[in-house]
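Undergrad: Have a peek at data_2.csv (CSV, C-alpha atoms and all ligand atoms).
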chain,number,residue,atom,x,y,z
A,1,MET,CA,-20.6,-25.1,30.7
A,2,ASN,CA,-20.7,-23.1,33.9
A,3,THR,CA,-24.0,-21.2,33.8
A,4,SER,CA,-23.7,-19.1,36.9
A,5,ASN,CA,-25.6,-15.9,36.1
A,6,THR,CA,-24.5,-12.4,36.9
A,7,SER,CA,-26.8,-9.4,36.7
A,8,ALA,CA,-24.8,-7.9,33.9
A,9,SER,CA,-26.0,-8.2,30.3
A,10,LEU,CA,-24.5,-8.0,26.8
A,11,ASN,CA,-25.9,-5.7,24.1
A,12,VAL,CA,-26.0,-8.0,21.1
A,13,SER,CA,-26.8,-6.9,17.5
A,14,VAL,CA,-27.7,-9.8,15.3
A,15,TRP,CA,-28.1,-9.6,11.6
A,16,ARG,CA,-31.6,-10.6,10.6
A,17,GLY,CA,-32.5,-11.0,6.9
A,18,THR,CA,-31.4,-12.6,3.7
A,19,SER,CA,-29.1,-11.8,0.8
A,20,ASP,CA,-31.8,-9.5,-0.5
A,21,GLY,CA,-31.6,-7.2,2.6
A,22,GLY,CA,-32.1,-7.1,6.3
A,23,GLU,CA,-31.0,-5.2,9.4
A,24,PHE,CA,-29.2,-5.6,12.7
A,25,ARG,CA,-31.6,-6.2,15.6
A,26,SER,CA,-30.6,-5.7,19.2
A,27,TYR,CA,-31.0,-8.2,22.0
A,28,GLN,CA,-30.0,-8.1,25.7
A,29,VAL,CA,-28.4,-11.3,26.8
A,30,PRO,CA,-27.3,-12.1,30.4
A,31,VAL,CA,-23.6,-12.5,30.9
A,32,GLN,CA,-22.5,-15.9,32.0
A,33,SER,CA,-19.1,-17.2,32.8
A,34,ASN,CA,-17.3,-19.3,30.1
A,35,GLN,CA,-19.9,-18.1,27.5
A,36,THR,CA,-19.1,-18.6,23.8
A,37,VAL,CA,-20.6,-16.5,21.0
A,38,LEU,CA,-22.5,-19.6,19.9
A,39,ASP,CA,-24.0,-19.8,23.5
A,40,VAL,CA,-25.2,-16.2,23.0
A,41,VAL,CA,-26.8,-16.9,19.7
A,42,THR,CA,-28.5,-20.1,21.2
A,43,TRP,CA,-29.7,-18.1,24.1
A,44,ILE,CA,-31.4,-15.5,21.8
A,45,GLN,CA,-32.9,-18.3,19.7
A,46,GLN,CA,-34.2,-20.3,22.7
A,47,ARG,CA,-35.3,-17.4,25.0
A,48,ILE,CA,-36.2,-14.4,22.8
A,49,ASP,CA,-36.9,-15.3,19.2
A,50,ASN,CA,-37.1,-18.8,17.9
A,51,THR,CA,-37.3,-17.7,14.3
A,52,LEU,CA,-33.6,-16.8,14.4
A,53,SER,CA,-31.7,-19.1,12.0
A,54,TYR,CA,-28.1,-20.2,12.6
A,55,ARG,CA,-26.0,-23.3,12.1
A,56,PHE,CA,-23.9,-25.5,14.3
A,57,ALA,CA,-23.3,-29.1,15.0
A,58,CYS,CA,-20.3,-30.3,17.1
A,59,ARG,CA,-19.8,-27.3,19.4
A,60,VAL,CA,-16.1,-28.3,19.9
A,61,GLY,CA,-14.4,-26.9,16.8
A,62,MET,CA,-14.5,-30.0,14.7
A,63,CYS,CA,-17.3,-29.6,12.2
A,64,GLY,CA,-16.7,-26.1,10.8
A,65,SER,CA,-20.4,-25.2,10.6
A,66,CYS,CA,-20.7,-22.4,13.2
A,67,ALA,CA,-18.6,-19.7,11.6
A,68,MET,CA,-20.0,-16.1,11.7
A,69,THR,CA,-18.7,-12.6,11.6
A,70,VAL,CA,-18.2,-11.4,15.1
A,71,ASN,CA,-17.5,-7.7,15.7
A,72,GLY,CA,-16.4,-7.5,12.1
A,73,GLU,CA,-14.1,-10.5,12.1
A,74,PRO,CA,-14.8,-14.0,10.8
A,75,ARG,CA,-14.7,-16.6,13.6
A,76,TRP,CA,-15.7,-20.1,14.7
A,77,THR,CA,-18.3,-19.1,17.2
A,78,CYS,CA,-18.4,-22.3,19.3
A,79,ARG,CA,-14.7,-21.8,20.3
A,80,THR,CA,-14.8,-18.0,20.6
A,81,HIS,CA,-15.2,-16.8,24.1
A,82,VAL,CA,-17.4,-13.7,24.6
A,83,ASN,CA,-14.8,-12.3,27.0
A,84,ASN,CA,-12.1,-12.3,24.3
A,85,VAL,CA,-14.1,-10.4,21.7
A,86,THR,CA,-16.6,-8.0,23.4
A,87,GLU,CA,-15.9,-4.3,23.5
A,88,ASN,CA,-17.9,-2.4,26.1
A,89,ALA,CA,-20.2,-5.4,26.6
A,90,THR,CA,-21.4,-5.2,22.9
A,91,LEU,CA,-21.3,-7.9,20.3
A,92,GLU,CA,-22.2,-7.6,16.7
A,93,ILE,CA,-23.0,-11.0,15.1
A,94,ALA,CA,-23.5,-11.3,11.3
A,95,PRO,CA,-23.3,-14.1,8.8
A,96,LEU,CA,-20.0,-14.9,7.0
A,97,ARG,CA,-19.0,-12.5,4.2
A,98,ASN,CA,-18.6,-13.6,0.6
A,99,LEU,CA,-21.4,-16.2,0.7
A,100,PRO,CA,-25.1,-15.9,-0.1
A,101,VAL,CA,-27.2,-15.5,3.1
A,102,ILE,CA,-30.0,-18.0,3.3
A,103,LYS,CA,-31.5,-16.5,6.4
A,104,ASP,CA,-30.1,-14.5,9.4
A,105,LEU,CA,-26.8,-16.2,10.3
A,106,THR,CA,-27.0,-19.1,7.9
A,107,THR,CA,-25.0,-18.9,4.7
A,108,ASN,CA,-25.3,-21.0,1.7
A,109,MET,CA,-22.0,-22.9,1.5
A,110,ASP,CA,-22.5,-24.3,-2.0
A,111,PRO,CA,-20.2,-21.8,-3.8
A,112,PHE,CA,-17.5,-22.6,-1.3
A,113,PHE,CA,-17.7,-26.4,-1.8
A,114,ASP,CA,-18.2,-26.1,-5.6
A,115,LYS,CA,-14.8,-24.4,-5.7
A,116,TRP,CA,-13.2,-27.3,-3.9
A,117,ILE,CA,-14.3,-29.5,-6.7
A,118,LYS,CA,-13.4,-26.9,-9.4
A,119,ALA,CA,-9.8,-26.7,-7.9
A,120,GLY,CA,-9.4,-30.5,-8.6
A,121,GLY,CA,-10.1,-31.3,-4.9
A,122,VAL,CA,-11.5,-34.8,-5.6
A,123,HIS,CA,-9.2,-37.7,-4.8
A,124,GLU,CA,-8.0,-39.7,-7.8
A,125,PRO,CA,-6.6,-43.0,-6.5
A,126,SER,CA,-3.2,-44.1,-7.8
A,127,ALA,CA,-3.8,-47.8,-7.1
A,128,LEU,CA,-6.6,-50.3,-7.1
A,129,ARG,CA,-7.8,-52.3,-4.1
A,130,ASN,CA,-5.8,-55.4,-5.0
A,131,ASP,CA,-2.6,-53.5,-5.8
A,132,PRO,CA,0.1,-53.7,-3.0
A,133,MET,CA,-0.1,-50.9,-0.5
A,134,VAL,CA,2.5,-48.2,-1.3
A,135,PRO,CA,4.2,-47.2,2.0
A,136,VAL,CA,4.2,-43.4,2.6
A,137,ASN,CA,7.0,-42.1,4.7
A,138,PRO,CA,5.5,-39.6,7.1
A,139,GLU,CA,8.9,-37.9,7.3
A,140,SER,CA,9.2,-37.3,3.6
A,141,LYS,CA,9.2,-33.6,2.5
A,142,ALA,CA,6.1,-34.0,0.3
A,143,ARG,CA,4.1,-35.8,3.0
A,144,LYS,CA,5.0,-33.1,5.6
A,145,VAL,CA,3.7,-30.4,3.2
A,146,ALA,CA,0.6,-32.4,2.5
A,147,SER,CA,-0.1,-32.9,6.2
A,148,GLU,CA,0.1,-29.2,6.9
A,149,GLY,CA,-3.3,-28.7,5.2
A,150,VAL,CA,-5.2,-31.8,6.2
A,151,GLU,CA,-6.7,-30.5,9.4
A,152,CYS,CA,-8.9,-28.0,7.6
A,153,ILE,CA,-12.5,-28.1,9.0
A,154,ASN,CA,-14.1,-26.5,6.0
A,155,CYS,CA,-15.4,-23.6,8.1
A,156,ALA,CA,-15.0,-20.9,5.3
A,157,VAL,CA,-13.5,-18.4,7.8
A,158,CYS,CA,-10.6,-17.9,5.4
A,159,TYR,CA,-12.9,-17.6,2.4
A,160,SER,CA,-14.9,-15.0,4.2
A,161,ALA,CA,-11.8,-13.1,5.2
A,162,CYS,CA,-10.3,-13.0,1.7
A,163,ASP,CA,-10.7,-9.7,-0.1
A,164,THR,CA,-9.8,-11.3,-3.4
A,165,VAL,CA,-12.9,-13.5,-3.2
A,166,ALA,CA,-14.9,-10.3,-2.4
A,167,ALA,CA,-13.5,-8.6,-5.5
A,168,ASN,CA,-13.7,-11.6,-7.8
A,169,PRO,CA,-16.5,-14.1,-7.1
A,170,ASP,CA,-14.8,-16.6,-9.5
A,171,TYR,CA,-11.6,-16.8,-7.3
A,172,LEU,CA,-11.3,-20.3,-5.9
A,173,GLY,CA,-10.3,-19.0,-2.5
A,174,PRO,CA,-7.8,-20.1,0.1
A,175,ALA,CA,-9.4,-23.3,1.4
A,176,ALA,CA,-10.0,-24.9,-2.0
A,177,LEU,CA,-6.5,-23.9,-3.1
A,178,GLN,CA,-5.0,-25.3,0.1
A,179,ARG,CA,-6.9,-28.6,-0.6
A,180,ALA,CA,-5.4,-28.6,-4.1
A,181,TRP,CA,-1.9,-28.1,-2.7
A,182,THR,CA,-2.4,-31.0,-0.3
A,183,LEU,CA,-3.4,-33.2,-3.2
A,184,VAL,CA,-0.4,-32.0,-5.3
A,185,ASN,CA,1.9,-33.2,-2.5
A,186,ASP,CA,0.0,-36.5,-1.8
A,187,VAL,CA,1.8,-39.4,-3.5
A,188,LYS,CA,-1.4,-41.4,-3.3
A,189,HIS,CA,-3.2,-38.9,-5.6
A,190,ASN,CA,-3.0,-39.6,-9.2
A,191,GLY,CA,-4.2,-36.4,-10.7
A,192,LYS,CA,-1.4,-34.0,-9.8
A,193,ASN,CA,-1.4,-32.4,-13.3
A,194,THR,CA,-5.2,-32.1,-13.4
A,195,VAL,CA,-5.0,-30.2,-10.1
A,196,LEU,CA,-2.2,-27.9,-11.3
A,197,SER,CA,-4.0,-27.0,-14.5
A,198,ALA,CA,-7.3,-26.5,-12.6
A,199,VAL,CA,-5.7,-24.0,-10.3
A,200,SER,CA,-3.9,-22.2,-13.2
A,201,GLU,CA,-7.1,-21.2,-14.8
A,202,SER,CA,-8.7,-17.8,-14.4
A,203,GLY,CA,-9.8,-17.5,-10.8
A,204,GLY,CA,-7.0,-19.8,-9.8
A,205,CYS,CA,-4.0,-19.4,-7.5
A,206,HIS,CA,-2.4,-16.6,-9.5
A,207,ASN,CA,-5.2,-14.3,-8.4
A,208,CYS,CA,-4.0,-14.4,-4.8
A,209,HIS,CA,-2.6,-11.0,-3.6
A,210,SER,CA,-0.9,-12.5,-0.6
A,211,HIS,CA,-2.7,-10.4,2.0
A,212,GLY,CA,-2.6,-13.3,4.4
A,213,SER,CA,-6.0,-12.6,5.8
A,214,CYS,CA,-6.8,-16.3,5.3
A,215,THR,CA,-3.8,-17.3,7.5
A,216,ARG,CA,-4.5,-14.5,10.0
A,217,TYR,CA,-8.1,-15.7,10.7
A,218,CYS,CA,-7.9,-19.5,10.2
A,219,PRO,CA,-9.2,-20.8,13.5
A,220,VAL,CA,-7.1,-24.0,13.4
A,221,GLU,CA,-4.0,-22.0,12.5
A,222,LEU,CA,-3.4,-23.5,9.1
A,223,ASN,CA,-1.5,-21.4,6.5
A,224,PRO,CA,-3.5,-21.2,3.2
A,225,MET,CA,-1.3,-18.3,2.1
A,226,LYS,CA,1.7,-20.6,2.2
A,227,ALA,CA,-0.2,-23.3,0.3
A,228,VAL,CA,-1.2,-20.8,-2.4
A,229,ALA,CA,2.5,-19.6,-2.7
A,230,GLY,CA,3.5,-23.3,-3.2
A,231,LEU,CA,0.9,-23.7,-6.0
A,232,LYS,CA,2.0,-20.5,-7.7
A,233,LYS,CA,5.6,-21.8,-7.9
A,234,SER,CA,4.6,-25.4,-8.9
A,235,THR,CA,2.2,-24.2,-11.7
A,236,VAL,CA,4.9,-22.0,-13.2
A,237,LEU,CA,7.6,-24.8,-12.9
A,238,SER,CA,5.2,-27.3,-14.5
A,239,LEU,CA,4.5,-24.9,-17.4
A,240,LEU,CA,8.2,-24.4,-17.9
A,241,ARG,CA,8.8,-28.1,-17.9
A,242,SER,CA,6.1,-28.9,-20.4
B,1,MET,CA,-23.5,-4.0,5.9
B,2,ILE,CA,-21.1,-6.7,7.0
B,3,LYS,CA,-17.6,-5.3,7.6
B,4,PRO,CA,-14.6,-7.3,6.5
B,5,GLY,CA,-11.9,-8.1,9.1
B,6,ARG,CA,-8.6,-6.6,8.1
B,7,SER,CA,-6.5,-6.4,11.2
B,8,ASN,CA,-3.5,-7.8,9.5
B,9,PRO,CA,-0.1,-6.2,8.8
B,10,LEU,CA,0.2,-8.1,5.5
B,11,TRP,CA,-3.1,-6.6,4.3
B,12,LEU,CA,-1.6,-3.1,4.9
B,13,ALA,CA,1.5,-4.2,3.0
B,14,PHE,CA,-0.8,-5.2,0.1
B,15,VAL,CA,-2.5,-1.8,0.2
B,16,LEU,CA,0.8,0.0,0.3
B,17,HIS,CA,2.1,-2.0,-2.6
B,18,ARG,CA,-1.0,-1.4,-4.7
B,19,LEU,CA,-1.1,2.4,-3.9
B,20,SER,CA,2.6,2.9,-4.6
B,21,GLY,CA,2.1,0.9,-7.9
B,22,VAL,CA,-0.7,3.2,-9.0
B,23,VAL,CA,1.1,6.4,-8.1
B,24,LEU,CA,4.2,5.1,-10.0
B,25,ALA,CA,2.1,4.3,-13.0
B,26,LEU,CA,0.8,7.8,-13.0
B,27,PHE,CA,4.3,9.3,-12.4
B,28,LEU,CA,6.3,7.5,-15.0
B,29,PRO,CA,4.7,8.9,-18.1
B,30,LEU,CA,5.2,12.4,-16.6
B,31,HIS,CA,8.8,11.5,-15.8
B,32,PHE,CA,9.5,10.4,-19.4
B,33,TYR,CA,7.8,13.5,-20.7
B,34,VAL,CA,10.2,15.7,-18.7
B,35,LEU,CA,13.2,13.7,-19.9
B,36,SER,CA,12.0,14.1,-23.5
B,37,LEU,CA,12.1,17.9,-23.0
B,38,ALA,CA,15.9,17.6,-23.1
B,39,LEU,CA,15.6,16.8,-26.8
B,40,THR,CA,12.5,18.7,-27.8
B,41,SER,CA,12.7,21.9,-25.7
B,42,PRO,CA,15.8,22.5,-23.5
B,43,ALA,CA,14.5,25.8,-22.4
B,44,ALA,CA,11.3,24.3,-21.0
B,45,LEU,CA,13.5,21.6,-19.3
B,46,ASP,CA,15.6,24.3,-17.7
B,47,ASN,CA,12.5,26.0,-16.3
B,48,PHE,CA,11.3,22.7,-15.0
B,49,LEU,CA,14.7,22.0,-13.3
B,50,ALA,CA,14.5,25.5,-11.7
B,51,PHE,CA,11.1,24.6,-10.4
B,52,SER,CA,12.3,21.3,-9.0
B,53,ASP,CA,14.8,23.2,-6.9
B,54,LEU,CA,11.9,24.4,-4.7
B,55,PHE,CA,11.9,22.8,-1.3
B,56,VAL,CA,8.3,21.7,-1.5
B,57,VAL,CA,9.1,20.0,-4.9
B,58,LYS,CA,12.0,18.2,-3.2
B,59,VAL,CA,9.7,16.9,-0.5
B,60,ALA,CA,7.3,15.7,-3.1
B,61,GLU,CA,10.2,14.0,-5.0
B,62,THR,CA,11.3,12.3,-1.7
B,63,LEU,CA,7.8,11.0,-1.4
B,64,LEU,CA,8.0,9.5,-4.9
B,65,VAL,CA,11.3,7.9,-4.1
B,66,LEU,CA,9.8,6.5,-0.9
B,67,LEU,CA,7.0,5.0,-2.9
B,68,LEU,CA,9.3,3.7,-5.6
B,69,ALA,CA,11.6,2.1,-3.0
B,70,VAL,CA,8.8,0.6,-1.0
B,71,HIS,CA,7.3,-0.8,-4.2
B,72,LEU,CA,10.7,-2.2,-5.2
B,73,PHE,CA,11.5,-3.9,-1.8
B,74,GLY,CA,7.8,-5.0,-1.4
B,75,GLY,CA,8.0,-6.6,-4.8
B,76,LEU,CA,11.2,-8.4,-4.0
B,77,ARG,CA,9.5,-9.7,-0.8
B,78,LEU,CA,6.6,-11.1,-2.8
B,79,MET,CA,8.9,-12.8,-5.3
B,80,ALA,CA,10.9,-14.2,-2.4
B,81,MET,CA,7.7,-15.5,-0.8
B,82,GLU,CA,6.7,-17.3,-3.9
B,83,TRP,CA,10.1,-18.6,-5.1
B,84,LEU,CA,12.4,-19.1,-2.2
B,85,PRO,CA,11.9,-21.7,0.6
B,86,TRP,CA,9.0,-20.6,2.8
B,87,THR,CA,9.6,-18.6,6.0
B,88,ASP,CA,6.9,-17.8,8.6
B,89,ARG,CA,8.5,-14.4,9.2
B,90,GLN,CA,6.4,-12.7,6.5
B,91,LYS,CA,5.2,-9.8,8.7
B,92,SER,CA,8.8,-9.0,9.7
B,93,LEU,CA,9.9,-9.1,6.1
B,94,ALA,CA,7.1,-6.8,5.1
B,95,ALA,CA,8.1,-4.4,7.9
B,96,ALA,CA,11.8,-4.7,6.8
B,97,SER,CA,10.9,-3.8,3.2
B,98,VAL,CA,9.0,-0.7,4.3
B,99,ALA,CA,12.0,0.2,6.6
B,100,LEU,CA,14.5,-0.3,3.8
B,101,GLY,CA,12.3,1.9,1.5
B,102,ALA,CA,12.1,4.6,4.1
B,103,GLY,CA,15.9,4.4,4.6
B,104,VAL,CA,16.5,4.9,0.8
B,105,ALA,CA,14.0,7.9,0.8
B,106,CYS,CA,15.8,9.5,3.8
B,107,MET,CA,19.2,9.2,2.0
B,108,PHE,CA,17.7,10.7,-1.1
B,109,PHE,CA,16.3,13.6,0.9
B,110,LEU,CA,19.6,14.3,2.7
B,111,LYS,CA,21.3,14.3,-0.7
B,112,VAL,CA,19.0,16.7,-2.5
B,113,ILE,CA,18.3,19.1,0.3
A,301,LIG,S1,-3.4,-14.5,0.8
A,301,LIG,FE1,-4.5,-15.0,-1.1
A,301,LIG,S2,-6.0,-16.5,-0.4
A,301,LIG,FE2,-5.3,-15.5,1.5
A,301,LIG,S3,-6.7,-13.8,1.9
A,301,LIG,FE3,-5.1,-13.0,0.6
A,301,LIG,S4,-5.8,-13.3,-1.6
A,301,LIG,FE4,-7.1,-14.5,-0.2
A,302,LIG,S1,-8.2,-23.3,6.0
A,302,LIG,FE1,-8.8,-22.8,8.1
A,302,LIG,S2,-10.2,-21.1,7.9
A,302,LIG,FE2,-10.1,-22.0,5.9
A,302,LIG,S3,-11.8,-23.5,5.8
A,302,LIG,FE3,-10.0,-24.6,6.5
A,302,LIG,S4,-10.0,-24.5,8.7
A,302,LIG,FE4,-11.5,-22.9,8.0
A,303,LIG,S1,-20.1,-26.1,16.0
A,303,LIG,FE1,-18.6,-27.4,15.0
A,303,LIG,S2,-16.9,-26.1,14.7
A,303,LIG,FE2,-18.3,-24.9,15.8
So, in terms of structure tokens, how does the structure I just supplied come out?
Ligand code: SF4
Ligand code: SF4
Ligand code: FES
TA:
Amino acid sequence: MNTSNTSASLNVSVWRGTSDGGEFRSYQVPVQSNQTVLDVVTWIQQRIDNTLSYRFACRVGMCGSCAMTVNGEPRWTCRTHVNNVTENATLEIAPLRNLPVIKDLTTNMDPFFDKWIKAGGVHEPSALRNDPMVPVNPESKARKVASEGVECINCAVCYSACDTVAANPDYLGPAALQRAWTLVNDVKHNGKNTVLSAVSESGGCHNCHSHGSCTRYCPVELNPMKAVAGLKKSTVLSLLRS
Amino acid sequence: MIKPGRSNPLWLAFVLHRLSGVVLALFLPLHFYVLSLALTSPAALDNFLAFSDLFVVKVAETLLVLLLAVHLFGGLRLMAMEWLPWTDRQKSLAAASVALGAGVACMFFLKVI
């Protein structure tokens, strides 16, 4: 990172507190070139208040742990440049919405991952280790559909953006449903019907209102709304067939 | 406390669909009541029809037609999204369904005025 300082500074409000309550506190952070939102949070934690809690790991958009609400929008902070999101040199940084806040900018991701499992997102092998390997044609229609969702980094940005999750805490949410859709299209997955019935239950894919906020904000440009639409159609077709 | 991010045209399309749906649900019982007047009380129906000749009532009716048409085309868009092969042009389709609805409402207004 280029750390050449300028004299200008950013007015940064950072949410401090837990799910039980808290407040935005203001900090002045010097502007640096090529500065990401995560750099700003780190600067505050290292130079002003080391009790500030936040989470990150890879800093290159791989691990999905650094997501926060930046100026009202959910974002991966390690890949979000301050220049692209500041308005009048002000930044408001809060934890992700729709998840319990452990402290400050750190959310408890348990409900998010519990829903992956609830949506049938655990791989069920279709062969044992001594069975011959089944070739998978990367050009087949099903594999192409499955591949569309596999780059998900589990950042919960889509989950935080989804108003249906906000209104119905039981809704599985875009990421878990997208994972389910990937498994439905994965020929190596044995539990296709288990997945389809898991996502048909209350809180499942038919709760989606197609606002597309998930797709709008997904930092790796996946399309959970499309995956949920695929699930809606497949669950109805499988019901009609049975 | 934490504001949700909603800068998304499809989110607006959702709100429009929901609002038009609610207004239609409120309007339809009233509509059927007025129709029933033809059988139960023709004089009251005549009074109502005279009232509906007022310009401001026509504007209100046009608004209702707009909501009905927007709800209809928006609903068709959602069904197409779920049942037809996927297209990435969802925002354009949402805009087109609002435009079609507005077109129908304009035609209605020109006809009743
Ligand atoms: S399209 Fe569905 S999953 Fe995506 S934000 Fe809207 S309700 Fe949530
Ligand atoms: S679908 Fe996109 S926004 Fe949602 S968890 Fe995966 S990478 Fe993050
Ligand atoms: S720190 Fe890993 S994605 Fe941001």
Undergrad: Rounded to one decimal in Å, what is the spacing between atom CA of A:Met68 and atom CA of A:Thr51?
TA: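 These atoms are spaced 17.6 Å apart.
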Undergrad: Every residue with an atom at most 12 Å from (-17.4, -27.0, -0.4) (file coordinates; all atoms listed in the file) is what I'm after, so could you write them as a ChimeraX atom specification?
TA: /A:64-65,99,108-122,152-156,159,172-177,179
Undergrad: For A:Met62, list every protein, DNA or RNA residue within 12 Å, evaluated using all atoms listed in the file, and leave out those in the same chain fewer than 2 positions away; present the list as a PyMOL selection string.
TA: chain A and resi 56-60+64-67+76-79+151-155+219-220
Undergrad: Which residues come within 9 Å of A:Thr235, counting only C-alpha atoms, excluding same-chain residues fewer than 4 positions away, as JSON, numbers by chain?
TA: {"A": [196, 197, 199, 200, 205, 230, 231, 239, 240]}
Undergrad: Can I get the selection written as a PDB file, keeping the file's coordinate frame, with C-alpha atoms?
TA:
ATOM      1  CA  LEU A 196      -2.200 -27.900 -11.300  1.00  0.00           C
ATOM      2  CA  SER A 197      -4.000 -27.000 -14.500  1.00  0.00           C
ATOM      3  CA  VAL A 199      -5.700 -24.000 -10.300  1.00  0.00           C
ATOM      4  CA  SER A 200      -3.900 -22.200 -13.200  1.00  0.00           C
ATOM      5  CA  CYS A 205      -4.000 -19.400  -7.500  1.00  0.00           C
ATOM      6  CA  GLY A 230       3.500 -23.300  -3.200  1.00  0.00           C
ATOM      7  CA  LEU A 231       0.900 -23.700  -6.000  1.00  0.00           C
ATOM      8  CA  LEU A 239       4.500 -24.900 -17.400  1.00  0.00           C
ATOM      9  CA  LEU A 240       8.200 -24.400 -17.900  1.00  0.00           C
TER      10      LEU A 240
END
Undergrad: Using only C-alpha atoms and all ligand atoms, which residue out of A:Asp20, A:Asp39, A:Glu201, A:Glu124 lies closest to ligand LIG 303 (chain A)?
TA: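 Of A:Asp20, A:Asp39, A:Glu201, A:Glu124, the one nearest ligand LIG 303 (chain A) is A:Asp39, counting only C-alpha atoms and all ligand atoms.
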Undergrad: Would you list which chain B residues are within 12 Å of chain A using all atoms listed in the file, as a ChimeraX atom specification?
TA: /B:1-18,74-75,77-91,94
Undergrad: Produce stretch 64-78 of chain A of the given structure as output with N, CA and C atoms, as a short mmCIF file (atom, residue, chain, number, x, y, z; two decimals), in the first residue's frame.
TA:
data_model
loop_
_atom_site.label_atom_id
_atom_site.label_comp_id
_atom_site.auth_asym_id
_atom_site.auth_seq_id
_atom_site.Cartn_x
_atom_site.Cartn_y
_atom_site.Cartn_z
N GLY A 64 -13.89 -13.41 2.85
CA GLY A 64 -15.26 -13.01 3.16
C GLY A 64 -15.50 -12.60 4.60
N SER A 65 -14.44 -12.26 5.35
CA SER A 65 -14.67 -11.99 6.78
C SER A 65 -14.79 -10.50 7.11
N CYS A 66 -14.53 -9.61 6.16
CA CYS A 66 -14.37 -8.19 6.50
C CYS A 66 -15.59 -7.34 6.16
N ALA A 67 -16.73 -7.98 5.84
CA ALA A 67 -17.86 -7.19 5.36
C ALA A 67 -18.46 -6.32 6.47
N MET A 68 -18.81 -5.09 6.10
CA MET A 68 -19.43 -4.14 7.03
C MET A 68 -20.40 -3.27 6.23
N THR A 69 -21.14 -2.45 6.96
CA THR A 69 -22.04 -1.51 6.29
C THR A 69 -21.31 -0.18 6.16
N VAL A 70 -21.05 0.23 4.94
CA VAL A 70 -20.27 1.44 4.70
C VAL A 70 -21.16 2.49 4.05
N ASN A 71 -21.34 3.61 4.70
CA ASN A 71 -22.26 4.65 4.23
C ASN A 71 -23.61 4.04 3.82
N GLY A 72 -24.10 3.16 4.65
CA GLY A 72 -25.43 2.60 4.44
C GLY A 72 -25.51 1.43 3.47
N GLU A 73 -24.36 0.99 2.92
CA GLU A 73 -24.42 -0.11 1.97
C GLU A 73 -23.48 -1.23 2.40
N PRO A 74 -23.93 -2.49 2.28
CA PRO A 74 -23.06 -3.59 2.70
C PRO A 74 -21.92 -3.78 1.69
N ARG A 75 -20.68 -3.92 2.21
CA ARG A 75 -19.53 -4.02 1.30
C ARG A 75 -18.43 -4.86 1.91
N TRP A 76 -17.58 -5.42 1.03
CA TRP A 76 -16.34 -6.03 1.54
C TRP A 76 -15.35 -4.89 1.73
N THR A 77 -14.90 -4.69 2.95
CA THR A 77 -14.15 -3.46 3.21
C THR A 77 -12.71 -3.53 2.72
N CYS A 78 -12.14 -4.73 2.58
CA CYS A 78 -10.73 -4.80 2.14
C CYS A 78 -10.58 -4.44 0.68
#
